[in-house]
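Asker: Dropping in input-v7.csv, which is CSV, C-alpha atoms:
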```csv
chain,number,residue,atom,x,y,z
I,209,MET,CA,0.0,0.0,0.0
I,210,LYS,CA,1.3,3.4,-0.9
I,211,ARG,CA,2.4,5.5,2.1
I,212,PHE,CA,1.2,9.1,2.3
I,213,PHE,CA,3.5,11.4,4.1
I,214,VAL,CA,2.2,14.2,6.2
I,215,ASP,CA,3.8,17.3,7.8
I,216,LEU,CA,1.4,18.7,10.3
I,217,HIS,CA,3.6,21.6,11.5
I,218,LEU,CA,4.8,23.9,8.7
I,219,LYS,CA,4.7,27.4,10.1
I,220,PHE,CA,3.9,29.1,6.9
I,221,SER,CA,0.9,31.3,6.9
I,222,PRO,CA,-1.1,31.6,3.6
I,223,LYS,CA,-0.3,35.3,3.7
I,224,ASP,CA,3.4,34.6,3.8
I,225,PRO,CA,5.1,35.5,0.5
I,226,ASN,CA,7.1,32.2,0.6
I,227,PHE,CA,3.9,30.1,1.2
I,228,LEU,CA,3.5,28.8,-2.3
I,229,GLN,CA,7.2,28.1,-2.6
I,230,ALA,CA,7.1,26.1,0.6
I,231,MET,CA,4.1,24.1,-0.6
I,232,GLN,CA,5.9,23.4,-3.9
I,233,ARG,CA,8.9,22.2,-1.9
I,234,ALA,CA,6.8,20.0,0.3
I,235,ALA,CA,5.3,18.5,-2.8
I,236,ASP,CA,8.7,17.9,-4.3
I,237,PHE,CA,9.8,16.2,-1.1
I,238,GLY,CA,6.9,13.7,-1.4
I,239,TYR,CA,4.5,15.1,1.2
I,240,ARG,CA,0.8,14.6,0.3
I,241,TYR,CA,-0.8,16.4,3.3
I,242,VAL,CA,0.7,19.7,4.7
I,243,SER,CA,-0.8,21.7,7.5
I,244,VAL,CA,-1.6,25.3,7.2
I,245,SER,CA,-1.9,27.2,10.4
I,246,PHE,CA,-4.5,29.9,11.0
I,247,SER,CA,-4.5,32.4,13.8
I,248,SER,CA,-8.1,33.4,13.3
I,249,GLU,CA,-11.1,31.6,11.8
I,250,PRO,CA,-10.7,31.4,8.0
I,251,SER,CA,-13.5,32.5,5.7
I,252,ARG,CA,-14.9,30.0,3.1
I,253,GLU,CA,-13.3,32.0,0.3
I,254,GLU,CA,-9.9,31.9,2.0
I,255,ILE,CA,-10.2,28.1,2.3
I,256,GLU,CA,-11.2,27.7,-1.3
I,257,ASN,CA,-8.3,29.9,-2.6
I,258,LEU,CA,-5.9,27.9,-0.4
I,259,THR,CA,-7.3,24.5,-1.6
I,260,VAL,CA,-6.9,25.6,-5.2
I,261,ALA,CA,-3.4,26.9,-4.7
I,262,CYS,CA,-2.2,23.8,-2.8
I,263,ASN,CA,-3.9,21.3,-5.2
I,264,GLY,CA,-2.1,23.2,-8.0
I,265,VAL,CA,1.2,22.0,-6.6
I,266,GLY,CA,0.0,18.6,-5.6
I,267,VAL,CA,-0.4,18.8,-1.9
I,268,GLU,CA,-3.6,18.7,0.2
I,269,PRO,CA,-3.9,21.4,2.8
I,270,VAL,CA,-4.8,20.5,6.4
I,271,LEU,CA,-6.4,23.3,8.4
I,272,ARG,CA,-4.7,23.5,11.7
I,273,VAL,CA,-5.0,25.8,14.7
I,274,ASP,CA,-2.4,26.2,17.4
I,275,LEU,CA,-4.0,27.2,20.8
I,276,CYS,CA,-1.9,28.9,23.4
I,277,PRO,CA,-4.4,29.2,26.3
I,278,ARG,CA,-3.7,31.2,29.4
I,279,ASN,CA,-5.6,28.8,31.7
I,280,GLU,CA,-8.1,25.9,31.7
I,281,ASN,CA,-11.1,28.1,31.1
I,282,ASP,CA,-9.4,29.8,28.2
I,283,LEU,CA,-8.6,26.4,26.7
I,284,MET,CA,-12.2,25.1,27.0
I,285,ASN,CA,-13.6,28.3,25.4
I,286,ASN,CA,-11.1,28.1,22.6
I,287,LEU,CA,-11.8,24.4,22.0
I,288,ARG,CA,-15.6,25.1,21.9
I,289,ARG,CA,-15.0,27.9,19.4
I,290,VAL,CA,-12.6,26.2,17.0
I,291,ARG,CA,-13.1,22.5,17.1
I,292,ARG,CA,-15.6,22.2,14.3
I,293,LYS,CA,-13.7,24.6,12.0
I,294,PHE,CA,-10.3,23.0,11.8
I,295,ASP,CA,-9.0,19.6,10.8
I,296,VAL,CA,-6.4,19.5,13.5
I,297,VAL,CA,-6.3,21.2,16.9
I,298,CYS,CA,-2.9,21.5,18.6
I,299,VAL,CA,-2.5,22.8,22.2
I,300,PHE,CA,0.8,24.4,23.1
I,301,CYS,CA,1.2,23.3,26.7
I,302,ASP,CA,3.0,26.1,28.5
I,303,SER,CA,2.0,25.0,32.0
I,304,LYS,CA,1.3,21.7,33.8
I,305,VAL,CA,-2.4,22.6,34.4
I,306,ILE,CA,-3.0,23.3,30.7
I,307,SER,CA,-1.1,20.2,29.6
I,308,ARG,CA,-3.2,18.0,31.9
I,309,GLN,CA,-6.5,19.5,30.8
I,310,ALA,CA,-5.5,19.2,27.1
I,311,ALA,CA,-4.5,15.6,27.5
I,312,LYS,CA,-7.9,14.8,29.1
I,313,ASP,CA,-9.9,16.6,26.5
I,314,HIS,CA,-11.1,14.5,23.5
I,315,ARG,CA,-11.2,17.5,21.3
I,316,VAL,CA,-7.4,18.0,21.4
I,317,ASP,CA,-5.5,16.2,18.7
I,318,LEU,CA,-1.9,17.2,19.4
I,319,LEU,CA,0.1,18.1,22.4
I,320,ASN,CA,3.1,20.3,21.8
I,321,PHE,CA,5.6,21.4,24.4
I,322,PRO,CA,8.1,24.2,24.5
I,323,ASN,CA,11.2,23.1,22.6
I,324,PHE,CA,13.8,25.3,24.1
I,325,ASP,CA,12.8,25.1,27.8
I,326,TYR,CA,13.1,21.5,29.0
I,327,ARG,CA,11.6,22.4,32.4
I,328,LYS,CA,8.3,23.0,30.7
I,329,ARG,CA,8.1,19.7,28.9
I,330,PHE,CA,5.4,18.1,31.1
I,331,PHE,CA,5.0,14.9,29.2
I,332,ASP,CA,5.4,12.4,32.1
I,333,HIS,CA,3.6,9.2,33.1
I,334,SER,CA,0.5,11.1,34.4
I,335,GLU,CA,0.3,13.1,31.2
I,336,ALA,CA,0.7,10.0,29.0
I,337,GLY,CA,-1.9,8.1,31.0
I,338,LEU,CA,-4.4,10.9,30.4
I,339,ALA,CA,-3.5,11.2,26.8
I,340,SER,CA,-3.9,7.5,26.2
I,341,ASN,CA,-7.4,7.6,27.5
I,342,GLY,CA,-8.2,10.6,25.3
I,343,LEU,CA,-7.3,11.0,21.6
I,344,ALA,CA,-4.3,13.3,21.9
I,345,ALA,CA,-0.9,12.5,20.3
I,346,LEU,CA,2.5,13.8,21.2
I,347,GLU,CA,3.9,16.1,18.5
I,348,ILE,CA,7.7,16.4,18.3
I,349,ASP,CA,9.2,19.1,16.2
I,350,VAL,CA,12.5,18.4,14.5
I,351,LYS,CA,13.6,22.0,14.0
I,352,PRO,CA,15.4,22.2,17.4
I,353,LEU,CA,17.5,19.3,16.3
I,354,LEU,CA,18.7,21.3,13.4
I,355,VAL,CA,19.3,24.6,15.1
I,356,LEU,CA,20.5,23.6,18.6
I,357,GLU,CA,24.1,22.6,19.2
I,358,GLY,CA,26.2,21.1,22.0
I,359,SER,CA,24.8,20.7,25.5
I,360,MET,CA,21.4,22.2,24.6
I,361,ARG,CA,20.9,19.6,21.9
I,362,SER,CA,22.1,16.8,24.2
I,363,ARG,CA,19.6,17.9,26.8
I,364,PHE,CA,16.8,18.2,24.3
I,365,LEU,CA,17.5,14.7,23.0
I,366,SER,CA,17.6,13.4,26.5
I,367,CYS,CA,14.1,14.8,27.1
I,368,LEU,CA,12.8,13.4,23.8
I,369,ARG,CA,14.2,10.0,24.5
I,370,ARG,CA,12.4,9.9,27.9
I,371,GLU,CA,9.2,11.1,26.4
I,372,VAL,CA,9.3,8.6,23.6
I,373,VAL,CA,9.7,5.7,26.1
I,374,VAL,CA,6.8,7.0,28.2
I,375,ALA,CA,4.6,7.5,25.1
I,376,LYS,CA,5.4,4.0,23.8
I,377,SER,CA,4.6,2.4,27.2
I,378,PHE,CA,1.2,4.1,27.3
I,379,GLY,CA,0.4,3.7,23.6
I,380,VAL,CA,0.3,7.4,22.9
I,381,PRO,CA,0.7,8.0,19.2
I,382,LEU,CA,3.8,10.0,18.2
I,383,ILE,CA,3.8,12.6,15.4
I,384,ILE,CA,7.0,13.9,14.0
I,385,SER,CA,6.6,17.4,12.4
I,386,SER,CA,9.1,19.8,11.0
I,387,GLY,CA,8.0,22.9,12.9
I,388,VAL,CA,9.9,25.2,10.5
I,389,ASN,CA,9.2,28.6,9.2
I,390,GLU,CA,12.1,28.7,6.7
I,391,ALA,CA,12.2,26.6,3.5
I,392,ARG,CA,15.9,25.7,4.0
I,393,PHE,CA,15.0,23.7,7.2
I,394,MET,CA,12.4,21.6,5.4
I,395,ARG,CA,13.5,17.9,5.2
I,396,ARG,CA,12.2,14.9,3.2
I,397,PRO,CA,10.0,12.5,5.1
I,398,ARG,CA,12.6,9.8,5.3
I,399,GLU,CA,15.1,12.4,6.6
I,400,MET,CA,12.6,13.3,9.3
I,401,ALA,CA,12.3,9.6,10.2
I,402,SER,CA,16.1,9.2,10.3
I,403,LEU,CA,16.3,12.2,12.7
I,404,ALA,CA,13.9,10.2,15.0
I,405,TYR,CA,16.6,7.6,15.2
I,406,LEU,CA,18.4,10.1,17.5
I,407,PHE,CA,15.7,9.8,20.2
I,408,GLY,CA,15.2,6.1,20.0
I,409,LEU,CA,12.5,5.4,17.4
I,410,GLY,CA,12.9,2.5,15.1
I,411,VAL,CA,12.6,2.8,11.4
I,412,ASP,CA,9.0,1.5,11.2
I,413,GLU,CA,7.9,3.6,14.2
I,414,ALA,CA,9.5,6.7,12.8
I,415,LEU,CA,8.0,6.3,9.3
I,416,ALA,CA,4.6,5.8,11.0
I,417,ALA,CA,5.1,9.0,12.9
I,418,VAL,CA,5.4,10.9,9.6
I,419,SER,CA,2.7,9.1,7.7
I,420,VAL,CA,0.1,6.7,9.3
I,421,ASN,CA,-0.2,8.5,12.7
I,422,PRO,CA,-0.8,12.0,11.4
I,423,LEU,CA,-2.9,10.8,8.5
I,424,SER,CA,-5.2,8.9,10.9
I,425,ILE,CA,-5.8,12.1,12.9
I,426,VAL,CA,-6.6,14.1,9.7
I,427,LEU,CA,-9.0,11.4,8.3
I,428,ARG,CA,-10.7,10.8,11.6
I,429,ASN,CA,-11.4,14.6,12.1
I,430,ARG,CA,-12.5,15.1,8.5
I,431,GLU,CA,-15.0,12.3,8.9
I,432,LYS,CA,-16.3,13.9,12.0
I,433,LEU,CA,-16.6,17.3,10.3
I,434,CYS,CA,-18.5,15.8,7.4
I,435,SER,CA,-22.3,16.6,7.5
I,436,SER,CA,-23.2,12.9,7.2
I,437,PHE,CA,-21.3,11.9,10.3
I,438,ILE,CA,-23.5,10.6,13.2
I,439,ALA,CA,-21.1,8.7,15.4
I,440,PRO,CA,-17.7,6.9,14.9
I,441,GLY,CA,-18.5,4.1,12.4
I,442,ILE,CA,-22.0,5.4,11.7
I,443,ARG,CA,-22.8,7.8,8.9
I,444,LEU,CA,-25.9,8.9,7.0
I,445,VAL,CA,-25.8,7.4,3.5
I,446,GLY,CA,-29.1,8.8,2.3
I,447,GLU,CA,-32.6,9.6,3.3
I,448,CYS,CA,-35.6,7.6,2.3
I,449,ASP,CA,-39.2,8.8,2.2
I,450,GLY,CA,-42.0,6.5,3.2
I,451,LEU,CA,-40.3,4.6,6.0
B,292,MET,CA,39.5,-10.9,9.1
B,293,LYS,CA,35.9,-9.8,8.7
B,294,ARG,CA,35.2,-7.8,5.6
B,295,VAL,CA,33.9,-4.3,6.3
B,296,LYS,CA,30.6,-3.8,4.6
B,297,ARG,CA,30.1,-0.4,3.0
B,298,ARG,CA,27.3,1.7,1.5
B,299,TYR,CA,27.4,4.5,-1.0
B,300,LEU,CA,25.1,7.5,-0.6
B,301,ALA,CA,24.2,9.9,-3.4
B,302,VAL,CA,23.4,13.2,-1.8
B,303,GLN,CA,21.9,16.5,-3.2
B,304,LEU,CA,23.3,19.7,-1.9
B,305,GLU,CA,20.9,22.6,-1.8
B,306,MET,CA,22.4,26.1,-1.4
B,307,ASP,CA,23.2,29.3,-3.1
B,308,GLY,CA,26.6,29.1,-4.9
B,309,VAL,CA,28.9,26.1,-5.2
B,310,PRO,CA,31.2,25.1,-2.4
B,311,SER,CA,34.5,23.3,-2.9
B,312,GLU,CA,34.8,19.6,-2.2
B,313,ARG,CA,36.7,20.4,0.9
B,314,GLU,CA,34.1,22.8,2.2
B,315,PHE,CA,31.4,20.3,1.6
B,316,MET,CA,33.2,17.5,3.4
B,317,ASP,CA,34.1,19.8,6.3
B,318,ALA,CA,30.4,20.4,6.8
B,319,VAL,CA,29.7,16.7,6.7
B,320,TRP,CA,32.5,15.8,9.1
B,321,GLY,CA,31.5,18.8,11.4
B,322,SER,CA,28.0,17.6,11.6
B,323,ILE,CA,28.8,14.0,12.5
B,324,VAL,CA,31.5,15.0,15.0
B,325,ARG,CA,29.0,17.4,16.7
B,326,LEU,CA,26.4,14.6,16.9
B,327,TYR,CA,28.5,11.5,17.7
B,328,GLY,CA,31.9,12.8,18.8
B,329,GLU,CA,35.3,12.0,17.3
B,330,VAL,CA,35.2,8.3,18.0
B,331,GLY,CA,31.7,7.9,16.5
B,332,ALA,CA,32.7,9.9,13.5
B,333,SER,CA,35.8,7.7,13.0
B,334,LEU,CA,33.6,4.6,12.9
B,335,ALA,CA,31.7,6.0,10.0
B,336,SER,CA,34.8,5.8,7.7
B,337,MET,CA,33.4,8.4,5.4
B,338,VAL,CA,35.1,9.1,2.1
B,339,LEU,CA,34.0,11.5,-0.6
B,340,ILE,CA,33.9,9.4,-3.9
B,341,SER,CA,32.7,12.1,-6.3
B,342,PHE,CA,31.4,15.7,-6.3
B,343,ASP,CA,29.6,17.0,-9.3
B,344,ALA,CA,29.7,20.8,-8.8
B,345,SER,CA,27.4,21.5,-11.8
B,346,CYS,CA,24.3,19.6,-10.3
B,347,LYS,CA,25.6,19.7,-6.7
B,348,VAL,CA,25.4,15.9,-6.3
B,349,ALA,CA,28.0,14.1,-4.2
B,350,VAL,CA,28.6,10.4,-3.6
B,351,ILE,CA,29.9,9.5,-0.1
B,352,ARG,CA,31.0,6.1,1.1
B,353,SER,CA,30.4,5.0,4.7
B,354,SER,CA,30.4,1.9,6.7
B,355,LEU,CA,27.1,0.0,6.8
B,356,ASP,CA,27.1,-0.1,10.6
B,357,MET,CA,27.1,3.6,10.8
B,358,LEU,CA,24.7,4.3,7.9
B,359,ASP,CA,21.8,5.5,10.1
B,360,SER,CA,24.2,7.8,11.9
B,361,VAL,CA,25.5,9.2,8.7
B,362,ARG,CA,22.0,9.8,7.4
B,363,VAL,CA,21.1,11.7,10.5
B,364,SER,CA,24.3,13.8,10.4
B,365,LEU,CA,23.5,14.7,6.7
B,366,ALA,CA,20.0,15.7,7.7
B,367,CYS,CA,21.4,17.9,10.4
B,368,ILE,CA,23.6,20.0,8.1
B,369,THR,CA,22.2,23.6,7.9
B,370,SER,CA,25.2,25.4,6.5
B,371,VAL,CA,28.2,24.8,4.3
B,372,ALA,CA,31.1,27.2,4.2
B,373,GLY,CA,29.1,29.7,6.2
B,374,ARG,CA,26.1,29.8,3.9
B,375,GLY,CA,22.7,28.3,4.5
B,376,ALA,CA,22.4,24.8,3.0
B,377,ALA,CA,20.5,21.5,3.2
B,378,VAL,CA,21.7,18.0,2.2
B,379,HIS,CA,19.2,15.5,1.0
B,380,VAL,CA,19.9,11.8,0.5
B,381,LEU,CA,18.8,10.8,-3.0
B,382,SER,CA,19.8,7.1,-2.9
B,383,VAL,CA,21.7,4.5,-1.0
B,384,SER,CA,23.3,1.4,-2.5
B,385,GLY,CA,25.9,-1.3,-1.9
B,386,THR,CA,27.8,-0.7,-5.1
B,387,LEU,CA,28.6,2.4,-7.1
B,388,LYS,CA,27.3,0.7,-10.3
B,389,ALA,CA,23.9,0.2,-8.7
B,390,LEU,CA,23.9,3.7,-7.2
B,391,PHE,CA,24.5,5.4,-10.5
B,392,ALA,CA,21.8,3.2,-12.1
B,393,LYS,CA,19.3,4.4,-9.5
B,394,LEU,CA,20.2,8.1,-10.1
```
Can I see the file as structure tokens?

Answerer:
Amino acid sequence: MKRFFVDLHLKFSPKDPNFLQAMQRAADFGYRYVSVSFSSEPSREEIENLTVACNGVGVEPVLRVDLCPRNENDLMNNLRRVRRKFDVVCVFCDSKVISRQAAKDHRVDLLNFPNFDYRKRFFDHSEAGLASNGLAALEIDVKPLLVLEGSMRSRFLSCLRREVVVAKSFGVPLIISSGVNEARFMRRPREMASLAYLFGLGVDEALAAVSVNPLSIVLRNREKLCSSFIAPGIRLVGECDGL
Amino acid sequence: MKRVKRRYLAVQLEMDGVPSEREFMDAVWGSIVRLYGEVGASLASMVLISFDASCKVAVIRSSLDMLDSVRVSLACITSVAGRGAAVHVLSVSGTLKALFAKL
């Protein structure tokens, strides 16, 4: 079966002048689905323009929103507001309270932690336990591996290695994303997978983290956003008069 | 004595301008030394086989045991000769003949 590669964290806004170039590059590298982050709710016209532009270069856009809530209430309000408008909802967990609440909530798809402050990476056993009961996956950006050096990179790798062991033991899906905002830091899917070798993922697990795992999140949410969706596994196929 | 198994990697260099062979290999060695240290880098036994400046494609030989480490090190390269760059692995093969057939 053909493997579709997905990058869920390209930090290029559609208003960015380099946006199309980045999408073209992603298509050349073999990505099929690429995320597009929005800060505000996009209009229907904006989405149509984006879809046409991305399909023109051969990638399919995935609408993603990054939430940076101040507290639990803020997170709940934001989730209520955006969940039905985006394919992927990622919560940037800046505090332990927010990370715990995000892991519990079934509306959250991705948990992302600060890359440059290892004290704020709260993905421990408790967090993984909550995430495994919910639907949240752990997102790991590879950009810090490219830009950090020396002891900072060693410490970051050490954190990632610990988090990967915890995630695997609790069955939390791992997503490897680029997290880049410059085209020169973009890498091919297999290079992203090879970077995962640094923090203890095997080849198959790493390839799943750039293909199967993110794709399953996108497809699951698209099915839910579809008007015919009733419940997981149940969809309205048509209406019949006279019954 | 056990024969050392090797692999050949064809890599595409992406950057503005063309570096010299020495500058390119300095970047490759620098990356692997930063990641794995001097002992790890020595185990990779990397050798530059060819460097085509016109299409910026190089062929590097490394030991099979350290192939994954070499791939990671190549992916981690962000600059060559002080200029922003990226190195992408195009193909890996056990013989040069098969490698050039794949390209």

Asker: Have a look at CA of Thr369 (chain B) and CA of Ala392 (chain B) and let me know their distance in Å, one decimal.

Answerer: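 That distance, rounded to one decimal, is 28.6 Å.
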
Asker: I want to know what sits within 9 Å of region 242-253 of chain I, based on only C-alpha atoms, with residues of the same chain fewer than 3 positions away left out; could you give that as number ranges by chain?

Answerer: I: 213-222, 231, 234-235, 239, 256-258, 267-275, 290, 293-294, 296

Asker: Let's have the selection written as an mmCIF file, keeping the file's coordinate frame, with C-alpha atoms.

Answerer:
```cif
data_model
loop_
_atom_site.group_PDB
_atom_site.id
_atom_site.type_symbol
_atom_site.label_atom_id
_atom_site.label_comp_id
_atom_site.auth_asym_id
_atom_site.auth_seq_id
_atom_site.Cartn_x
_atom_site.Cartn_y
_atom_site.Cartn_z
ATOM 1 C CA PHE I 213 3.500 11.400 4.100
ATOM 2 C CA VAL I 214 2.200 14.200 6.200
ATOM 3 C CA ASP I 215 3.800 17.300 7.800
ATOM 4 C CA LEU I 216 1.400 18.700 10.300
ATOM 5 C CA HIS I 217 3.600 21.600 11.500
ATOM 6 C CA LEU I 218 4.800 23.900 8.700
ATOM 7 C CA LYS I 219 4.700 27.400 10.100
ATOM 8 C CA PHE I 220 3.900 29.100 6.900
ATOM 9 C CA SER I 221 0.900 31.300 6.900
ATOM 10 C CA PRO I 222 -1.100 31.600 3.600
ATOM 11 C CA MET I 231 4.100 24.100 -0.600
ATOM 12 C CA ALA I 234 6.800 20.000 0.300
ATOM 13 C CA ALA I 235 5.300 18.500 -2.800
ATOM 14 C CA TYR I 239 4.500 15.100 1.200
ATOM 15 C CA GLU I 256 -11.200 27.700 -1.300
ATOM 16 C CA ASN I 257 -8.300 29.900 -2.600
ATOM 17 C CA LEU I 258 -5.900 27.900 -0.400
ATOM 18 C CA VAL I 267 -0.400 18.800 -1.900
ATOM 19 C CA GLU I 268 -3.600 18.700 0.200
ATOM 20 C CA PRO I 269 -3.900 21.400 2.800
ATOM 21 C CA VAL I 270 -4.800 20.500 6.400
ATOM 22 C CA LEU I 271 -6.400 23.300 8.400
ATOM 23 C CA ARG I 272 -4.700 23.500 11.700
ATOM 24 C CA VAL I 273 -5.000 25.800 14.700
ATOM 25 C CA ASP I 274 -2.400 26.200 17.400
ATOM 26 C CA LEU I 275 -4.000 27.200 20.800
ATOM 27 C CA VAL I 290 -12.600 26.200 17.000
ATOM 28 C CA LYS I 293 -13.700 24.600 12.000
ATOM 29 C CA PHE I 294 -10.300 23.000 11.800
ATOM 30 C CA VAL I 296 -6.400 19.500 13.500
#
```

Asker: Quick check: residues of chain I within 7 Å of chain B, all atoms listed in the file, returned as a list in words.

Answerer: Leu354, Arg392, Glu399, Ser402 and Leu403 of chain I

Asker: Might you pull out every residue within 10 Å of Lys393 (chain B), with all atoms listed in the file counted and same-chain residues fewer than 2 positions away left off, and present them as a PDB file with C-alpha atoms, in the coordinates of the input?

Answerer:
```
ATOM      1  CA  ALA B 301      24.200   9.900  -3.400  1.00  0.00           C
ATOM      2  CA  LEU B 381      18.800  10.800  -3.000  1.00  0.00           C
ATOM      3  CA  SER B 382      19.800   7.100  -2.900  1.00  0.00           C
ATOM      4  CA  VAL B 383      21.700   4.500  -1.000  1.00  0.00           C
ATOM      5  CA  SER B 384      23.300   1.400  -2.500  1.00  0.00           C
ATOM      6  CA  LEU B 387      28.600   2.400  -7.100  1.00  0.00           C
ATOM      7  CA  LYS B 388      27.300   0.700 -10.300  1.00  0.00           C
ATOM      8  CA  ALA B 389      23.900   0.200  -8.700  1.00  0.00           C
ATOM      9  CA  LEU B 390      23.900   3.700  -7.200  1.00  0.00           C
ATOM     10  CA  PHE B 391      24.500   5.400 -10.500  1.00  0.00           C
TER      11      PHE B 391
END
```

Asker: Would you mind reading off the distance between CA of Ala375 (chain I) and CA of Arg308 (chain I), one decimal, in Å?

Answerer: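 Between these atoms lies a distance of 14.7 Å.
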
Asker: What does the distance from CA of Leu433 (chain I) to CA of Ile306 (chain I) come to in Å, to one decimal?

Answerer: 25.2 Å

Asker: Write out as a ChimeraX atom specification the residues lying within 12 Å of Ala332 (chain B), counting only C-alpha atoms and excluding same-chain residues fewer than 2 positions away.

Answerer: /B:319-330,334-338,353-354,356-358,360-361,364

Asker: Using only C-alpha atoms, determine which residues lie at most 12 Å from Ser307 (chain I), disregarding the query and same-chain residues fewer than 6 positions distant; provide the list as a VMD selection string.

Answerer: chain I and resid 275 to 280 283 298 to 301 313 316 318 to 322 328 to 332 334 to 336 338 to 339 344 346

Asker: Can you list, as a VMD selection string, every protein, DNA or RNA residue that comes within 10 Å of Glu431 (chain I) when you count all atoms listed in the file, leaving out same-chain residues fewer than 4 positions away?

Answerer: chain I and resid 295 426 to 427 435 to 441 443

Asker: Which is closest to Ala414 (chain I) among I:Val372, I:Glu447, I:Arg361, I:Gly387, if we use only C-alpha atoms?

Answerer: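 Of I:Val372, I:Glu447, I:Arg361, I:Gly387, the one nearest Ala414 (chain I), counting only C-alpha atoms, is I:Val372.
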